[in-house]
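What follows is a short report on a single structure.
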Amino acid sequence: METVQSNSPSPAGRHAPVVTVSVQFPDLSVREFEEVRERLTAGRPGRAVVPHEAHRWYAASSDPETVRALVAGLQAAVAGRRLSFDDEEALDDLSQEYADWLEESAEADDADPGPVVSFSVHLPALTHEEFAELLSTFRAVHSRRIVLGEQRGDSHHELSTRQQIESRLPGIRAALAGEPVGTVDALPLLALLNDYASWLSRFDDAGPTPG
């Protein structure tokens, strides 16, 4: 699953607020993030700025078509139906990404804060002007730094703990092997399915972003 936005702060014709900002090469240090959080919350009581630290959280963004494919695959898995080719492809990709992330994150000590790879801004989300200012600030320090802004409604953003990721893998792997998914293993998949389906419903009700 990939972040679905270019590093342009305001794609032509789009006016949705920016809810998630990803920063790469280098990631934000914890100190840099705290400075950003202070700046974004100054004069904004109640605004939440949530960091996603490397190796502590699984953070990913999916486009609607990817989410639809995952919904279909998860529905088949929890219902015990035979997976179609598309179901297998979607669940296999998710399983591999989860496994890769778990392996990579095992090399880090979760007791120590890692760099901040992305952060979410809510109540209210970032305006394009605020995002443009952030982009300028980040680039002033590292001119080649990549800064991605995810706009509300354009993609599904997932933030999961290591325990949540680990709990989903047995059920996905059982379904891919053509084996029945037991109740215990189905519950984490059902929770993920409900999250995806709920987001898709809101996305469809909102319609396409004005352009």
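Each chain of the structure tokens is named A, B, ... in the order shown, its residues numbered from 1; ligands are numbered from 1 in display order.
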### Selection: 10 Å around range 159-176 of chain A, only C-alpha atoms, excl. self and same-chain fewer than 2 positions, as an MDAnalysis selection string
chainID A and resid 52 55:61 73:74 76:78 80:83 87:89 91:92 94:96 98:99 101:102 105:106 120 157 178:192
### Task
Could you check which of A:Glu107, A:Glu65, A:Glu35, A:Pro17 is closest to Glu129 in chain A, using only C-alpha atoms?
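Closest candidate: A:Pro17.
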### Using only C-alpha atoms: which of A:Ser155, A:Ser118, A:Thr127, A:Ser136 has the shortest distance to Pro26 in chain A
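Closest to Pro26 in chain A of all the choices is A:Ser118.
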### Query
If we count only C-alpha atoms, what is near Leu126 in chain A at a cut-off of 9 Å, once residues fewer than 5 positions away on the same chain are taken out, given as a ChimeraX atom specification?
/A:17-20,40,121,131
Taking all heavy atoms for each residue, export the selection above as a compact mmCIF listing (two decimals), in the first residue's frame.
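Wrote selection_21.txt, looks like this:
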```txt
# COMPACT_ATOMS: atom_id res chain seq x y z
N PRO A 17 -8.92 19.23 3.05
CA PRO A 17 -7.82 19.47 3.98
C PRO A 17 -6.86 18.29 4.02
O PRO A 17 -7.21 17.17 3.67
CB PRO A 17 -8.53 19.65 5.33
CG PRO A 17 -9.82 18.95 5.17
CD PRO A 17 -10.21 19.10 3.73
N VAL A 18 -5.64 18.54 4.45
CA VAL A 18 -4.61 17.50 4.54
C VAL A 18 -4.64 16.92 5.95
O VAL A 18 -4.49 17.64 6.94
CB VAL A 18 -3.22 18.09 4.23
CG1 VAL A 18 -2.13 17.03 4.41
CG2 VAL A 18 -3.19 18.64 2.81
N VAL A 19 -4.85 15.61 6.04
CA VAL A 19 -4.97 14.99 7.36
C VAL A 19 -3.71 14.26 7.81
O VAL A 19 -3.48 14.10 9.00
CB VAL A 19 -6.16 14.00 7.42
CG1 VAL A 19 -7.47 14.74 7.32
CG2 VAL A 19 -6.06 12.95 6.33
N THR A 20 -2.90 13.80 6.87
CA THR A 20 -1.69 13.07 7.23
C THR A 20 -0.50 13.58 6.43
O THR A 20 -0.59 13.75 5.22
CB THR A 20 -1.86 11.56 6.99
OG1 THR A 20 -2.94 11.08 7.79
CG2 THR A 20 -0.60 10.79 7.39
N LEU A 40 1.82 23.86 15.22
CA LEU A 40 0.50 23.58 14.68
C LEU A 40 -0.62 23.73 15.70
O LEU A 40 -1.78 23.96 15.35
CB LEU A 40 0.46 22.17 14.08
CG LEU A 40 1.33 21.93 12.85
CD1 LEU A 40 1.22 20.48 12.39
CD2 LEU A 40 0.93 22.88 11.71
N VAL A 121 -3.03 15.13 11.61
CA VAL A 121 -3.49 16.39 12.18
C VAL A 121 -5.01 16.43 12.09
O VAL A 121 -5.59 16.28 11.02
CB VAL A 121 -2.89 17.59 11.42
CG1 VAL A 121 -3.32 18.90 12.09
CG2 VAL A 121 -1.37 17.50 11.38
N PHE A 131 -0.12 23.53 5.15
CA PHE A 131 0.74 22.46 4.62
C PHE A 131 1.88 23.05 3.78
O PHE A 131 3.02 22.60 3.86
CB PHE A 131 -0.08 21.48 3.79
CG PHE A 131 0.75 20.38 3.19
CD1 PHE A 131 1.25 19.35 3.98
CD2 PHE A 131 1.06 20.37 1.84
CE1 PHE A 131 2.03 18.34 3.44
CE2 PHE A 131 1.84 19.36 1.28
CZ PHE A 131 2.33 18.34 2.08
```
